[in-house]
Amino acid sequence: MFAILEKEMDKVLRRDRRALGFLIPRNVEIKARVVSRDERESGLREILNFGHTFAHALESVTKYRRYQHGEAVAWGMIAASFLGHELGLTRADDVSRIVALIRRLGPLPPWPRLPAAALLRAMHFDKKTRGGILRFVLSPRIGEARSYDTVPLHVVERVLHFTPRLITASNRLSRGRHG
C-alpha cells in the first residue's frame, strides 16, 4: 500500500476517481481485518495508531486549536519514524520514504514552540499508556508496525526536540534546490 501511495500520490491529491476507487476500499479492508482480529483493542489494533502518541500530545498542548487531527498524525508519524530510527528499529531509507510521502501532502502547521518536556508530559495521558509507561507504535520497516513500551524517555525527549528542527532544515534545503 505504501509503494502504491508513493506512486499514486499526485493522483490522490487531484482526487482522481480511479486511484481513490482502488485505495479507499483497500484501506477499509486492511483496517477491518485488523479490527476484526482485535475487536476489544487488546493489542494488535494498536498498530492502527502509528504516530498517534505524538499526535495526541501535539493536539493536547495546543488545546486542539492548531492542528486538524490528520495534521497532528502526520507530524506524529514523522516523529515516530525518527524515534524508530533513534532506537535502531527503523532504517534511515525507510524514515526518508515516510517523511517524503507525508511532505508531498503539503505543508503542515508549524510545530509548537514548547519545551519537549511539555509534550512528554502530555504523552502520559495517551490511551496506550499503561501503568504510567508510554507505549509507541513504531514501524521497524515499511508495511510493518508494532507497539513498544521499553522506550527510554530521554530518547523520546531528543526526538521531540529535534523533529521540528530536522523538518525545518529539510524545508530550507529543498527550497534552495527548487527556488
# chains A, B, ... in the order shown; residues from 1 in each chain; ligands from 1
>>> residues_around(residues="A:Val151", least_positions_apart="6", cutoff="8 Å", atoms="only C-alpha atoms", output="PDB file with N, CA, C and O atoms, in the first residue's frame")
ATOM      1  N   LEU A  87      16.079   4.445  17.929  1.00  0.00           N
ATOM      2  CA  LEU A  87      16.135   3.192  18.701  1.00  0.00           C
ATOM      3  C   LEU A  87      16.774   2.053  17.918  1.00  0.00           C
ATOM      4  O   LEU A  87      16.895   0.944  18.425  1.00  0.00           O
ATOM      5  N   LEU A 134       4.789   4.816  28.845  1.00  0.00           N
ATOM      6  CA  LEU A 134       4.395   5.205  27.488  1.00  0.00           C
ATOM      7  C   LEU A 134       4.578   4.036  26.535  1.00  0.00           C
ATOM      8  O   LEU A 134       5.541   3.275  26.634  1.00  0.00           O
ATOM      9  N   ARG A 135       3.635   3.935  25.613  1.00  0.00           N
ATOM     10  CA  ARG A 135       3.723   2.922  24.554  1.00  0.00           C
ATOM     11  C   ARG A 135       3.692   3.663  23.219  1.00  0.00           C
ATOM     12  O   ARG A 135       2.919   4.605  23.048  1.00  0.00           O
ATOM     13  N   PHE A 136       4.525   3.234  22.314  1.00  0.00           N
ATOM     14  CA  PHE A 136       4.607   3.855  20.996  1.00  0.00           C
ATOM     15  C   PHE A 136       4.410   2.792  19.927  1.00  0.00           C
ATOM     16  O   PHE A 136       4.953   1.696  20.032  1.00  0.00           O
TER      17      PHE A 136
END
>>> select_by_dssp(residues="chain A", states="alpha helix (DSSP H)", output="VMD selection string")
chain A and resid 2 to 13 17 to 37 52 to 61 69 to 86 92 to 103 116 to 123 153 to 178
>>> atom_distance(atom1="atom CA of A:Leu58", atom2="atom CA of A:Leu120")
9.8 Å
>>> atom_distance(atom1="atom CA of A:Val99", atom2="atom CA of A:Ser81")
8.0 Å
>>> residues_around(residues="A:Glu46", least_positions_apart="3", cutoff="12 Å", atoms="only C-alpha atoms", output="list of chain:residue names")
A:Lys31, A:Val34, A:Val35, A:Arg37, A:Asp38, A:Glu39, A:Arg40, A:Glu41, A:Ser42, A:Gly43, A:Asn49, A:Phe50, A:Gly51, A:His52, A:Thr53, A:Asp126, A:Lys127, A:Lys128, A:Thr129, A:Arg135, A:Phe136, A:Val137, A:Leu138, A:Ala145, A:Arg146, A:Ser147, A:Tyr148
>>> write_last_selection(atoms="C-alpha atoms", output="tab-separated table (two decimals), in the first residue's frame")
chain	number	residue	atom	x	y	z
A	31	LYS	CA	-8.42	-1.68	8.80
A	34	VAL	CA	-7.00	-5.62	11.90
A	35	VAL	CA	-10.08	-4.59	13.90
A	37	ARG	CA	-8.69	-9.72	14.78
A	38	ASP	CA	-8.71	-7.44	17.87
A	39	GLU	CA	-12.25	-6.18	18.46
A	40	ARG	CA	-11.60	-5.27	22.11
A	41	GLU	CA	-8.41	-3.31	21.44
A	42	SER	CA	-6.20	-5.62	23.46
A	43	GLY	CA	-3.05	-5.39	21.38
A	49	ASN	CA	-2.24	4.25	15.87
A	50	PHE	CA	1.17	4.78	14.26
A	51	GLY	CA	2.15	8.36	15.18
A	52	HIS	CA	-0.83	8.90	17.50
A	53	THR	CA	1.11	9.12	20.79
A	126	ASP	CA	-2.36	8.82	25.83
A	127	LYS	CA	-4.77	5.87	25.90
A	128	LYS	CA	-1.94	3.45	25.14
A	129	THR	CA	-0.07	4.43	28.33
A	135	ARG	CA	3.72	2.92	24.55
A	136	PHE	CA	4.61	3.85	21.00
A	137	VAL	CA	3.57	2.28	17.73
A	138	LEU	CA	6.71	2.20	15.62
A	145	ALA	CA	4.10	-1.82	12.85
A	146	ARG	CA	4.41	-2.90	16.49
A	147	SER	CA	3.85	-1.42	19.93
A	148	TYR	CA	6.87	-0.74	22.12
>>> closest_residue(among="A:Pro110, A:Arg121, A:Arg141, A:Pro152", to="A:Thr168", atoms="only C-alpha atoms")
A:Pro110
>>> select_by_dssp(residues="stretch 5-165 of chain A", states="strand (DSSP E)", output="MDAnalysis selection string")
chainID A and resid 136:138 146:148
>>> closest_residue(among="A:Glu8, A:Ala122, A:Gly131, A:Ala92", to="A:Phe22", atoms="only C-alpha atoms")
A:Glu8
>>> closest_residue(among="A:Arg113, A:His154, A:Ser139, A:Asp16", to="A:Ala80", atoms="only C-alpha atoms")
A:Ser139
>>> residues_around(residues="A:Glu86", least_positions_apart="6", cutoff="9 Å", atoms="only C-alpha atoms", output="PyMOL selection string")
chain A and resi 155-156+159
>>> residues_around(residues="A:Arg97", least_positions_apart="4", cutoff="12 Å", atoms="only C-alpha atoms", output="short mmCIF file (atom, residue, chain, number, x, y, z; two decimals) with N, CA and C atoms, in the first residue's frame")
data_model
loop_
_atom_site.label_atom_id
_atom_site.label_comp_id
_atom_site.auth_asym_id
_atom_site.auth_seq_id
_atom_site.Cartn_x
_atom_site.Cartn_y
_atom_site.Cartn_z
N PHE A 2 1.96 1.22 0.79
CA PHE A 2 2.83 2.39 0.85
C PHE A 2 3.43 2.70 -0.53
N ALA A 3 3.91 1.67 -1.21
CA ALA A 3 4.51 1.87 -2.54
C ALA A 3 3.47 2.41 -3.53
N LEU A 5 0.90 4.31 -2.70
CA LEU A 5 0.72 5.72 -2.36
C LEU A 5 1.87 6.57 -2.88
N GLU A 6 3.10 6.05 -2.77
CA GLU A 6 4.24 6.80 -3.32
C GLU A 6 4.04 7.05 -4.81
N LYS A 7 3.61 6.03 -5.51
CA LYS A 7 3.45 6.12 -6.96
C LYS A 7 2.25 6.97 -7.36
N MET A 77 3.59 10.77 12.83
CA MET A 77 4.23 9.71 12.06
C MET A 77 5.69 10.06 11.73
N ILE A 78 5.93 11.33 11.46
CA ILE A 78 7.31 11.77 11.23
C ILE A 78 8.13 11.54 12.50
N SER A 81 8.72 7.90 13.20
CA SER A 81 9.76 7.37 12.30
C SER A 81 11.15 7.72 12.83
N PHE A 82 11.31 8.98 13.25
CA PHE A 82 12.60 9.38 13.83
C PHE A 82 12.89 8.59 15.11
N THR A 90 14.20 1.36 12.83
CA THR A 90 13.78 1.78 11.50
C THR A 90 14.99 2.27 10.72
N ARG A 91 15.17 1.70 9.54
CA ARG A 91 16.30 2.10 8.70
C ARG A 91 16.12 3.52 8.19
N ALA A 92 17.22 4.20 7.99
CA ALA A 92 17.19 5.59 7.53
C ALA A 92 16.45 5.74 6.21
N ASP A 93 16.62 4.81 5.27
CA ASP A 93 15.93 4.96 3.98
C ASP A 93 14.42 4.81 4.14
N LEU A 101 6.88 11.05 1.77
CA LEU A 101 5.49 10.86 1.37
C LEU A 101 4.58 11.82 2.14
N ILE A 102 4.81 11.97 3.42
CA ILE A 102 4.00 12.89 4.22
C ILE A 102 4.16 14.32 3.71
N ARG A 103 5.38 14.70 3.40
CA ARG A 103 5.64 16.07 2.93
C ARG A 103 4.96 16.35 1.59
N ARG A 104 4.74 15.32 0.79
CA ARG A 104 4.06 15.52 -0.50
C ARG A 104 2.60 15.95 -0.31
N ARG A 141 9.90 -1.54 9.72
CA ARG A 141 10.08 -1.41 8.28
C ARG A 141 8.75 -1.04 7.68
N ILE A 142 8.77 -0.45 6.51
CA ILE A 142 7.54 -0.03 5.85
C ILE A 142 6.64 -1.25 5.66
N GLY A 143 5.37 -1.07 6.03
CA GLY A 143 4.41 -2.16 5.93
C GLY A 143 4.29 -2.98 7.20
#
>>> closest_residue(among="A:Ile47, A:Arg165, A:Ala55, A:Leu105", to="A:Asp10", atoms="only C-alpha atoms")
A:Leu105
>>> atom_distance(atom1="atom CA of A:Ala79", atom2="atom CA of A:Pro107")
15.6 Å
>>> closest_residue(among="A:Ala74, A:Ile98, A:Leu160, A:Leu13", to="A:Pro115", atoms="only C-alpha atoms")
A:Leu160
